[in-house]
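Chemist: Dropping in input17.cif, with mmCIF, C-alpha atoms and all ligand atoms.
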```
data_structure
#
loop_
_atom_site.label_atom_id
_atom_site.label_comp_id
_atom_site.auth_asym_id
_atom_site.auth_seq_id
_atom_site.Cartn_x
_atom_site.Cartn_y
_atom_site.Cartn_z
CA MET A 10 0.00 0.00 0.00
CA LEU A 11 1.09 3.56 -0.61
CA SER A 12 1.62 5.63 2.54
CA ILE A 13 -1.26 7.82 3.70
CA LYS A 14 0.80 10.82 2.58
CA GLU A 15 1.21 9.35 -0.92
CA ILE A 16 -2.49 8.43 -1.14
CA ASN A 17 -3.35 11.98 -0.12
CA LYS A 18 -1.05 13.37 -2.82
CA TYR A 19 -2.57 11.11 -5.51
CA LEU A 20 -6.07 12.30 -4.61
CA LYS A 21 -5.08 15.96 -4.46
CA ASN A 22 -3.66 15.60 -7.98
CA ASN A 23 -6.51 13.52 -9.39
CA LEU A 24 -9.72 14.93 -7.91
CA LYS A 25 -11.35 18.30 -8.53
CA PRO A 26 -10.64 20.71 -5.63
CA SER A 27 -14.25 20.51 -4.35
CA ARG A 28 -14.13 16.69 -4.44
CA TYR A 29 -10.81 16.69 -2.62
CA GLU A 30 -12.28 18.99 0.08
CA HIS A 31 -15.24 16.58 0.39
CA THR A 32 -12.78 13.69 0.75
CA LEU A 33 -10.97 15.45 3.61
CA GLY A 34 -14.37 16.03 5.26
CA VAL A 35 -15.13 12.30 5.00
CA VAL A 36 -11.73 11.55 6.57
CA GLU A 37 -12.45 13.83 9.53
CA THR A 38 -15.93 12.36 10.13
CA ALA A 39 -14.87 8.74 9.57
CA LYS A 40 -11.94 9.01 12.00
CA ALA A 41 -14.17 10.49 14.70
CA LEU A 42 -16.74 7.72 14.18
CA ALA A 43 -14.04 5.02 14.17
CA LYS A 44 -12.76 6.25 17.53
CA LEU A 45 -16.28 6.41 18.93
CA ASN A 46 -17.09 2.87 17.72
CA GLY A 47 -13.79 1.23 18.69
CA ILE A 48 -12.34 0.41 15.28
CA SER A 49 -9.02 1.37 13.68
CA GLU A 50 -8.85 5.09 12.94
CA GLU A 51 -6.08 4.42 10.43
CA LYS A 52 -8.27 2.04 8.42
CA ALA A 53 -11.11 4.56 8.53
CA GLU A 54 -8.75 7.27 7.30
CA ILE A 55 -7.49 5.16 4.39
CA ALA A 56 -11.00 4.05 3.36
CA ALA A 57 -12.31 7.63 3.60
CA LEU A 58 -9.38 8.97 1.55
CA ALA A 59 -9.86 6.31 -1.14
CA HIS A 60 -13.67 6.19 -1.36
CA ASP A 61 -14.02 8.59 -4.31
CA VAL A 62 -10.75 7.58 -6.02
CA ALA A 63 -12.64 6.87 -9.27
CA LYS A 64 -14.90 9.92 -9.16
CA ASN A 65 -12.96 11.98 -11.72
CA LEU A 66 -12.99 9.30 -14.43
CA SER A 67 -15.09 9.82 -17.55
CA LYS A 68 -18.19 7.74 -18.11
CA TYR A 69 -16.37 6.14 -21.04
CA LYS A 70 -13.35 5.19 -18.91
CA MET A 71 -15.57 3.78 -16.13
CA GLU A 72 -17.46 1.70 -18.67
CA GLU A 73 -14.15 0.40 -20.02
CA ILE A 74 -13.00 -0.65 -16.53
CA ILE A 75 -16.35 -2.36 -15.86
CA ASN A 76 -16.10 -4.31 -19.12
CA GLU A 77 -12.42 -5.21 -18.76
CA ASN A 78 -13.08 -6.63 -15.31
CA ASN A 79 -16.17 -8.57 -16.44
CA ILE A 80 -18.32 -6.86 -13.83
CA LEU A 81 -21.97 -7.77 -14.34
CA LEU A 82 -24.21 -4.80 -13.64
CA SER A 83 -27.78 -5.08 -12.40
CA GLU A 84 -30.48 -3.32 -14.43
CA VAL A 85 -30.45 -0.41 -11.98
CA GLU A 86 -26.65 -0.16 -12.03
CA LYS A 87 -26.63 -0.13 -15.86
CA LYS A 88 -28.94 2.87 -15.94
CA ASN A 89 -27.56 4.77 -12.96
CA PHE A 90 -24.00 5.74 -13.81
CA ASN A 91 -23.71 7.70 -10.53
CA LEU A 92 -23.10 4.28 -9.00
CA TRP A 93 -20.23 3.37 -11.33
CA HIS A 94 -17.46 5.20 -9.45
CA SER A 95 -18.41 3.16 -6.38
CA ILE A 96 -18.50 -0.15 -8.27
CA ILE A 97 -15.00 0.36 -9.69
CA ALA A 98 -13.55 2.03 -6.57
CA PRO A 99 -11.92 -1.21 -5.30
CA ILE A 100 -10.26 -1.80 -8.69
CA GLU A 101 -8.87 1.74 -8.82
CA ALA A 102 -7.84 1.63 -5.15
CA LYS A 103 -5.87 -1.58 -5.76
CA GLU A 104 -4.27 -0.37 -8.97
CA LYS A 105 -3.52 3.27 -8.15
CA LEU A 106 -3.18 3.26 -4.36
CA LYS A 107 -2.02 -0.37 -3.89
CA ILE A 108 -4.66 -0.98 -1.22
CA GLU A 109 -5.17 -4.71 -0.60
CA ASP A 110 -7.14 -4.72 2.67
CA ASN A 111 -10.50 -6.37 1.89
CA GLU A 112 -12.32 -4.54 4.68
CA ILE A 113 -11.26 -1.20 3.19
CA LEU A 114 -12.09 -2.33 -0.36
CA ASP A 115 -15.56 -3.48 0.79
CA ALA A 116 -16.23 -0.15 2.50
CA ILE A 117 -15.39 1.88 -0.58
CA ARG A 118 -17.34 -0.46 -2.89
CA TRP A 119 -20.59 0.13 -0.95
CA HIS A 120 -20.21 3.80 0.00
CA THR A 121 -22.97 5.06 -2.31
CA THR A 122 -25.75 2.51 -1.83
CA GLY A 123 -24.95 0.64 1.37
CA LYS A 124 -25.74 -3.08 1.44
CA GLU A 125 -27.18 -5.58 3.87
CA ASN A 126 -25.06 -6.73 6.82
CA MET A 127 -22.44 -3.97 6.60
CA SER A 128 -19.27 -4.05 8.71
CA ILE A 129 -18.72 -1.17 11.15
CA LEU A 130 -16.16 0.31 8.75
CA THR A 131 -18.55 0.05 5.78
CA LYS A 132 -21.31 1.74 7.79
CA ILE A 133 -18.91 4.50 8.82
CA ILE A 134 -17.80 5.26 5.26
CA TYR A 135 -21.39 5.16 3.97
CA ILE A 136 -22.67 7.63 6.55
CA SER A 137 -19.54 9.84 6.65
CA ASP A 138 -19.95 10.40 2.90
CA MET A 139 -23.46 11.71 3.65
CA ILE A 140 -22.78 13.86 6.71
CA GLU A 141 -19.19 15.21 6.38
CA PRO A 142 -18.96 18.91 7.33
CA ASN A 143 -19.20 20.19 3.73
CA ARG A 144 -22.56 18.44 3.20
CA ASN A 145 -25.42 20.84 3.49
CA PHE A 146 -28.94 19.62 2.71
CA PRO A 147 -32.20 19.81 4.64
CA GLY A 148 -32.11 17.29 7.46
CA VAL A 149 -28.35 16.66 7.47
CA GLU A 150 -28.06 17.92 11.08
CA LYS A 151 -30.51 15.29 12.30
CA ILE A 152 -28.55 12.49 10.57
CA ARG A 153 -25.30 13.84 12.09
CA GLN A 154 -26.78 14.00 15.55
CA LEU A 155 -28.21 10.47 15.41
CA THR A 156 -24.99 9.02 13.95
CA PHE A 157 -22.85 10.44 16.76
CA GLU A 158 -25.35 9.15 19.33
CA ASN A 159 -25.56 5.69 17.80
CA LEU A 160 -23.99 4.54 14.50
CA ASP A 161 -26.77 2.09 13.56
CA LYS A 162 -29.53 4.61 14.26
CA GLY A 163 -27.74 7.17 12.10
CA VAL A 164 -27.24 4.71 9.25
CA ILE A 165 -30.89 3.53 9.29
CA TYR A 166 -32.04 7.15 9.28
CA GLY A 167 -29.58 8.05 6.52
CA LEU A 168 -30.74 5.12 4.37
CA SER A 169 -34.38 6.12 4.88
CA GLU A 170 -33.67 9.77 4.02
CA SER A 171 -31.76 8.70 0.92
CA ILE A 172 -34.67 6.50 -0.22
CA LYS A 173 -37.15 9.36 0.39
CA ASP A 174 -34.94 11.76 -1.57
CA LEU A 175 -34.74 9.34 -4.52
CA LEU A 176 -38.53 8.87 -4.43
CA ASN A 177 -39.08 12.64 -4.41
CA LYS A 178 -36.75 13.06 -7.37
CA ASN A 179 -38.42 10.14 -9.16
CA MET A 180 -35.06 8.37 -9.46
CA LEU A 181 -34.20 4.68 -9.51
CA ILE A 182 -33.54 3.13 -6.10
CA ASP A 183 -30.76 0.55 -6.00
CA LEU A 184 -31.97 -2.70 -4.43
CA ASN A 185 -28.93 -2.80 -2.14
CA THR A 186 -30.17 0.36 -0.42
CA ILE A 187 -33.56 -1.25 0.27
CA LYS A 188 -31.84 -4.43 1.47
CA ALA A 189 -29.50 -2.40 3.68
CA ARG A 190 -32.42 -0.71 5.38
CA ASN A 191 -34.52 -3.86 5.68
CA TYR A 192 -31.59 -5.71 7.26
CA PHE A 193 -31.64 -3.32 10.22
CA ILE A 194 -35.39 -3.49 10.68
CA LEU A 195 -36.19 -7.19 10.03
FE FE A 201 -18.83 8.66 -3.98
FE FE A 202 -17.95 10.82 -1.56
#
```
Please go through the file and, once you have read it, give me the structure as structure tokens.
Ligand SMILES: [Fe+2]
Ligand SMILES: [Fe+2]

Modeler:
Amino acid sequence: MLSIKEINKYLKNNLKPSRYEHTLGVVETAKALAKLNGISEEKAEIAALAHDVAKNLSKYKMEEIINENNILLSEVEKKNFNLWHSIIAPIEAKEKLKIEDNEILDAIRWHTTGKENMSILTKIIYISDMIEPNRNFPGVEKIRQLTFENLDKGVIYGLSESIKDLLNKNMLIDLNTIKARNYFIL
């Protein structure tokens, strides 16, 4: 693996300034949540740094990576290319940042949709992406407050808010997001 300093440098050089700022916000939130929930702050920092590693790639390039790696997309994933940077994040993180830790790779793979039975690290990256300090949307304060009280409560609330937002915008809802929420409630 590259050092945290080298990973940071790669991202600074390869993400738009606003995306890099967002990434640093995710790092700050994820480290605080890792400490609070008793997991490695270093792993949280690396996963947070790497989560949007593929965000600057063109749609064409992302499609190429998906095809080269024989990744089978679901119907929703085919139509929703906002999910693609998340799907290929582990591939880019391995290739460009030399990250091999499967827990970290899992967390960055599922940062956009969530999935059922998430690890603590995967939950932390999912919710930190939503509530980092630069995020500013109606209701974000409530999600922040719940998350710092209790990680699971924050994640359930975040998943529900995300589903409501997609419904309101008449957008496709990835099945993994539904499964993620159901898993907590079943
Ligand atoms: Fe992302
Ligand atoms: Fe992000």

Chemist: Restrict the calculation to only C-alpha atoms and all ligand atoms, then for each residue of chain A with any atom at most 12 Å from an atom of ligand FE 202 (chain A) give the closest atom pair and their distance in Å to one decimal, rows by chain and rising residue number, as CSV.

Modeler:
```
residue,atom,partner,partner_atom,distance
A:Leu24,CA,A:FE202,FE,11.2
A:Ser27,CA,A:FE202,FE,10.7
A:Arg28,CA,A:FE202,FE,7.6
A:Tyr29,CA,A:FE202,FE,9.3
A:Glu30,CA,A:FE202,FE,10.1
A:His31,CA,A:FE202,FE,6.7
A:Thr32,CA,A:FE202,FE,6.3
A:Leu33,CA,A:FE202,FE,9.8
A:Gly34,CA,A:FE202,FE,9.3
A:Val35,CA,A:FE202,FE,7.3
A:Val36,CA,A:FE202,FE,10.3
A:Thr38,CA,A:FE202,FE,12.0
A:Ala39,CA,A:FE202,FE,11.7
A:Ala56,CA,A:FE202,FE,10.9
A:Ala57,CA,A:FE202,FE,8.3
A:Leu58,CA,A:FE202,FE,9.3
A:Ala59,CA,A:FE202,FE,9.3
A:His60,CA,A:FE202,FE,6.3
A:Asp61,CA,A:FE202,FE,5.3
A:Val62,CA,A:FE202,FE,9.1
A:Ala63,CA,A:FE202,FE,10.2
A:Lys64,CA,A:FE202,FE,8.2
A:Asn65,CA,A:FE202,FE,11.4
A:Asn91,CA,A:FE202,FE,11.1
A:Leu92,CA,A:FE202,FE,11.2
A:His94,CA,A:FE202,FE,9.7
A:Ser95,CA,A:FE202,FE,9.1
A:Ala98,CA,A:FE202,FE,11.0
A:Ala116,CA,A:FE202,FE,11.8
A:Ile117,CA,A:FE202,FE,9.4
A:Arg118,CA,A:FE202,FE,11.4
A:Trp119,CA,A:FE202,FE,11.0
A:His120,CA,A:FE202,FE,7.5
A:Thr121,CA,A:FE202,FE,7.7
A:Thr122,CA,A:FE202,FE,11.4
A:Ile134,CA,A:FE202,FE,8.8
A:Tyr135,CA,A:FE202,FE,8.6
A:Ile136,CA,A:FE202,FE,9.9
A:Ser137,CA,A:FE202,FE,8.4
A:Asp138,CA,A:FE202,FE,4.9
A:Met139,CA,A:FE202,FE,7.6
A:Ile140,CA,A:FE202,FE,10.0
A:Glu141,CA,A:FE202,FE,9.2
A:Asn143,CA,A:FE202,FE,10.8
A:Arg144,CA,A:FE202,FE,10.1
```

Chemist: Between CA of Lys173 in chain A and CA of Lys151 in chain A, what is the distance, to one decimal in Å?

Modeler: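 So the answer is 14.9 Å.
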
Chemist: Could you check which of A:Glu73, A:Leu106, A:Ser67, A:Trp93 is closest to ligand FE 201 (chain A), using all atoms listed in the file?

Modeler: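 Comparing A:Glu73, A:Leu106, A:Ser67, A:Trp93 against ligand FE 201 (chain A), the winner is A:Trp93.
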
Chemist: So that all listed atoms of range 12-18 of chain A fit with 5 Å spare on each side, what axis-aligned box centre and edge lengths in Å, to one decimal, would you give as AutoDock Vina command-line options?

Modeler:
```
--center_x -0.9 --center_y 9.5 --center_z 0.4 --size_x 15.0 --size_y 17.7 --size_z 16.5
```

Chemist: Hey, can you check how far CA of Asp110 in chain A sits from CA of Met10 in chain A?

Modeler: 9.0 Å

Chemist: Could you state the separation of CA of Asn22 in chain A and CA of Ala102 in chain A in Å, given to one decimal place?

Modeler: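 Interatomic distance, CA of Asn22 in chain A to CA of Ala102 in chain A: 14.9 Å.
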
Chemist: Have a look at A:Leu42, A:Ile75, A:Leu20, A:Ile96 and name the one nearest to ligand FE 201 (chain A); count all atoms listed in the file.

Modeler: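 Smallest separation from ligand FE 201 (chain A) among the options: A:Ile96.
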
Chemist: Please return as a list in words every residue within 10 Å of (-31.9, 3.2, -3.5), taking into account only C-alpha atoms and the file's own coordinates.

Modeler: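 Protein and nucleic acid residues near the point are Val85, Thr121, Thr122, Gly123, Leu168, Ser169, Ser171, Ile172, Lys173, Asp174, Leu175, Leu176, Met180, Leu181, Ile182, Asp183, Leu184, Asn185, Thr186, Ile187, Lys188, Ala189 and Arg190 of chain A.
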
Chemist: Find, counting all atoms listed in the file, the residue in A:Asn177, A:Leu66, A:Tyr192, A:Ser128 that gets nearest to ligand FE 201 (chain A).

Modeler: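 When distances to ligand FE 201 (chain A) are compared using all atoms listed in the file, the smallest one comes from A:Leu66.
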
Chemist: With only C-alpha atoms as the counted atoms, please give the residues lying no more than 6 Å from range 163-165 of chain A, apart from itself and same-chain residues fewer than 4 positions off, as a list in words.

Modeler: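 Using only C-alpha atoms, the neighbours found are Ile152, Leu155, Thr156 and Arg190 of chain A.
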
Chemist: Given all atoms listed in the file as the basis, pick out the residue of A:Arg153, A:Leu130, A:Tyr166, A:Leu11 nearest to Lys40 in chain A.

Modeler: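 Checking each candidate against Lys40 in chain A, we get A:Leu130 as the closest.
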
Chemist: Measuring atom to atom with only C-alpha atoms and all ligand atoms, identify which of A:Ile97, A:Leu45, A:Met127, A:Leu160 is nearest to ligand FE 201 (chain A).

Modeler: A:Ile97

Chemist: Have a look at A:Ile80, A:Ile194, A:Asn17, A:Phe90 and name the one nearest to ligand FE 201 (chain A); count all atoms listed in the file.

Modeler: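 The shortest atom-to-atom distance to ligand FE 201 (chain A) comes from A:Phe90.
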
Chemist: How would range 158-183 of chain A read, as a CSV table (one decimal), in the frame of the given file, once N, CA, C and O atoms are built in?

Modeler:
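Just written: result16.csv:
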```
chain,number,residue,atom,x,y,z
A,158,GLU,N,-24.7,9.8,18.2
A,158,GLU,CA,-25.4,9.2,19.3
A,158,GLU,C,-25.2,7.6,19.2
A,158,GLU,O,-24.9,7.0,20.2
A,159,ASN,N,-25.5,7.1,18.0
A,159,ASN,CA,-25.6,5.7,17.8
A,159,ASN,C,-25.4,5.4,16.3
A,159,ASN,O,-26.3,5.8,15.5
A,160,LEU,N,-24.3,4.7,15.9
A,160,LEU,CA,-24.0,4.5,14.5
A,160,LEU,C,-25.2,3.9,13.7
A,160,LEU,O,-25.6,4.4,12.7
A,161,ASP,N,-25.7,2.8,14.3
A,161,ASP,CA,-26.8,2.1,13.6
A,161,ASP,C,-28.0,3.0,13.4
A,161,ASP,O,-28.6,3.0,12.3
A,162,LYS,N,-28.4,3.7,14.4
A,162,LYS,CA,-29.5,4.6,14.3
A,162,LYS,C,-29.3,5.6,13.2
A,162,LYS,O,-30.2,6.0,12.4
A,163,GLY,N,-28.1,6.2,13.1
A,163,GLY,CA,-27.7,7.2,12.1
A,163,GLY,C,-27.8,6.6,10.7
A,163,GLY,O,-28.3,7.2,9.8
A,164,VAL,N,-27.3,5.3,10.6
A,164,VAL,CA,-27.2,4.7,9.2
A,164,VAL,C,-28.7,4.4,8.8
A,164,VAL,O,-29.0,4.6,7.6
A,165,ILE,N,-29.5,3.8,9.7
A,165,ILE,CA,-30.9,3.5,9.3
A,165,ILE,C,-31.6,4.8,8.8
A,165,ILE,O,-32.2,4.9,7.8
A,166,TYR,N,-31.4,5.9,9.6
A,166,TYR,CA,-32.0,7.2,9.3
A,166,TYR,C,-31.5,7.7,7.9
A,166,TYR,O,-32.3,8.1,7.1
A,167,GLY,N,-30.2,7.6,7.8
A,167,GLY,CA,-29.6,8.0,6.5
A,167,GLY,C,-30.1,7.3,5.3
A,167,GLY,O,-30.4,7.8,4.3
A,168,LEU,N,-30.2,5.9,5.5
A,168,LEU,CA,-30.7,5.1,4.4
A,168,LEU,C,-32.2,5.5,4.0
A,168,LEU,O,-32.5,5.7,2.9
A,169,SER,N,-33.0,5.7,5.1
A,169,SER,CA,-34.4,6.1,4.9
A,169,SER,C,-34.5,7.5,4.2
A,169,SER,O,-35.3,7.7,3.3
A,170,GLU,N,-33.7,8.4,4.6
A,170,GLU,CA,-33.7,9.8,4.0
A,170,GLU,C,-33.2,9.7,2.6
A,170,GLU,O,-33.8,10.4,1.7
A,171,SER,N,-32.2,8.8,2.3
A,171,SER,CA,-31.8,8.7,0.9
A,171,SER,C,-32.9,8.1,0.0
A,171,SER,O,-33.1,8.6,-1.1
A,172,ILE,N,-33.6,7.1,0.6
A,172,ILE,CA,-34.7,6.5,-0.2
A,172,ILE,C,-35.8,7.5,-0.5
A,172,ILE,O,-36.3,7.7,-1.6
A,173,LYS,N,-36.1,8.3,0.6
A,173,LYS,CA,-37.2,9.4,0.4
A,173,LYS,C,-36.7,10.4,-0.7
A,173,LYS,O,-37.5,10.8,-1.5
A,174,ASP,N,-35.5,10.8,-0.6
A,174,ASP,CA,-34.9,11.8,-1.6
A,174,ASP,C,-35.0,11.2,-3.0
A,174,ASP,O,-35.5,11.9,-3.9
A,175,LEU,N,-34.7,9.9,-3.2
A,175,LEU,CA,-34.7,9.3,-4.5
A,175,LEU,C,-36.2,9.3,-5.0
A,175,LEU,O,-36.5,9.5,-6.2
A,176,LEU,N,-37.1,8.9,-4.1
A,176,LEU,CA,-38.5,8.9,-4.4
A,176,LEU,C,-39.0,10.2,-4.9
A,176,LEU,O,-39.7,10.4,-5.9
A,177,ASN,N,-38.7,11.3,-4.1
A,177,ASN,CA,-39.1,12.6,-4.4
A,177,ASN,C,-38.5,13.1,-5.8
A,177,ASN,O,-39.2,13.9,-6.5
A,178,LYS,N,-37.3,12.6,-6.1
A,178,LYS,CA,-36.8,13.1,-7.4
A,178,LYS,C,-37.1,12.1,-8.5
A,178,LYS,O,-36.6,12.2,-9.6
A,179,ASN,N,-38.0,11.1,-8.2
A,179,ASN,CA,-38.4,10.1,-9.2
A,179,ASN,C,-37.2,9.4,-9.8
A,179,ASN,O,-37.2,9.1,-11.0
A,180,MET,N,-36.2,9.1,-9.0
A,180,MET,CA,-35.1,8.4,-9.5
A,180,MET,C,-35.1,6.9,-9.1
A,180,MET,O,-35.8,6.5,-8.2
A,181,LEU,N,-34.3,6.1,-9.8
A,181,LEU,CA,-34.2,4.7,-9.5
A,181,LEU,C,-33.6,4.5,-8.1
A,181,LEU,O,-32.7,5.2,-7.7
A,182,ILE,N,-34.1,3.5,-7.4
A,182,ILE,CA,-33.5,3.1,-6.1
A,182,ILE,C,-32.8,1.8,-6.2
A,182,ILE,O,-33.4,0.8,-6.6
A,183,ASP,N,-31.5,1.8,-5.9
A,183,ASP,CA,-30.8,0.6,-6.0
A,183,ASP,C,-31.3,-0.4,-4.9
A,183,ASP,O,-31.5,-0.1,-3.8
```
